[in-house]
Amino acid sequence: MEKQNGQMDAPHPGTNLPSGHPPEYPSAAFQGPPGHMGYPGPQVGYPGPQAGYSIPPADYLGAGPVGFPVQHQPVYNQPGGPAGVPWMPAPPPPLDCPPGLEYLSQIDQILIHQQIELLEVITGFETNNKYEIKNSFGQRIYFAAEDTDFCTRNCCGASRPFTIRILDNMGQEVITLERPLRCGSCCCPCCLQEIEIQAPPGVPVGYVNQTWHPCLPKFTIQNERREDVLKITGPCLVCSCCADVDFEIKSLDEENVVGKISKQWTGLVREAFTDTDNFGIQFPLDLDVKMKAVMLGACFLIDFMFFEKSGNNE
């Protein structure tokens, strides 16, 4: 009997914590790398988690031995990712969910961290951008990498057409973003910016189209049938000096704000000498996963249009 009690009081398998001690996770308020001031919470009127939202069943996530609580821990060392990087556990896929988008079904916030490219900082030549896409707990959801040739990057600069491939924790490409070459002048109401979102690759799930306006940056979110779903409106002066820049996600009539895309201030040195940016995206928890993927595309388009630099110059 004492031996059995000793086994029950032993640390949980796979952890270094005593029995009954909860695993240490990043706080729900975790909003980015150390030193970052944090991503602001939802605005007034922003919908919270919907009623009926539940944690994935224990038999899917993997329950421990009888008598032990289920340990909802970050997954480490998944194939396709660097060692020691926590990945978000895959939830059960909803009905009619494209493969790989199930990670988006249970989150209402995404953090996008662009990686610093030392070669670009030293030489001034534009390199392919790379991004980590995380949830609010700091667990990685996806890894994104630009796939553009050298001449296009350095001749067209931030206006370049690009392909961004978004990979899951198995290294499988689950989302593809395609931006064609379009007019970069805000004075021209034709040939405006656009990005196509595919999930899986080759299957369009939505589009983001720039809407011409003399003063404000505006975009329209469309589904795979090119039907308008949501609107995005940015500030008149897109300047990230010492503050975040918010692009509001609105209903079609633009009366209700349902989320936002925020360019986060990363500090004077990083902003001045690199073109690496951090973004946060908020959207309703019950938004269709395809539209959540389209919001990712909108974020990358906004980054290239307003915050990407060429040769470390604005």
# chains A, B, ... in the order shown; residues from 1 in each chain; ligands from 1
>>> select_by_dssp(residues="region 65-273 of chain A", states="strand (DSSP E)", output="PyMOL selection string")
chain A and resi 109-114+130-134+140-146+162-167+173-179+194-198+204-211+218-223+228-233+245-250+257-264
>>> select_by_dssp(residues="region 84-202 of chain A", states="alpha helix (DSSP H)", output="ChimeraX atom specification")
/A:118-123,150-156
>>> residues_around(residues="Gly280 (chain A)", least_positions_apart="4", cutoff="7 Å", atoms="only C-alpha atoms", output="list of chain:residue names")
A:Tyr39, A:Ile110, A:Leu111, A:Ile112, A:Ile261, A:Ser262, A:Lys263
>>> atom_distance(atom1="CA of Lys218 (chain A)", atom2="CA of Gly234 (chain A)")
6.3 Å
>>> residues_around(residues="Ile281 (chain A)", least_positions_apart="2", cutoff="12 Å", atoms="only C-alpha atoms", output="PyMOL selection string")
chain A and resi 31+39-42+104+107-113+133-136+245-249+258-264+278-279+283-285+292-300+302
>>> closest_residue(among="A:Glu308, A:Lys231, A:Asp168, A:Asp244", to="Cys156 (chain A)", atoms="only C-alpha atoms")
A:Glu308
>>> residues_around(residues="Val174 (chain A)", least_positions_apart="5", cutoff="8 Å", atoms="only C-alpha atoms", output="list in words")
Pro99, Gly100, Leu101, Arg165, Ile166, Leu167, Asp168, Ala199, Pro200 and Pro201 of chain A
>>> closest_residue(among="A:Pro92, A:Pro180, A:Pro86, A:Pro189", to="Ser159 (chain A)", atoms="only C-alpha atoms")
A:Pro180
>>> closest_residue(among="A:Asp253, A:Asp303, A:Cys191, A:Pro98", to="Val205 (chain A)", atoms="only C-alpha atoms")
A:Pro98
>>> closest_residue(among="A:Gly157, A:Arg140, A:Glu255, A:Asp96", to="Phe307 (chain A)", atoms="only C-alpha atoms")
A:Gly157
>>> closest_residue(among="A:Glu126, A:Glu196, A:Glu173, A:Glu102", to="Ala144 (chain A)", atoms="only C-alpha atoms")
A:Glu173
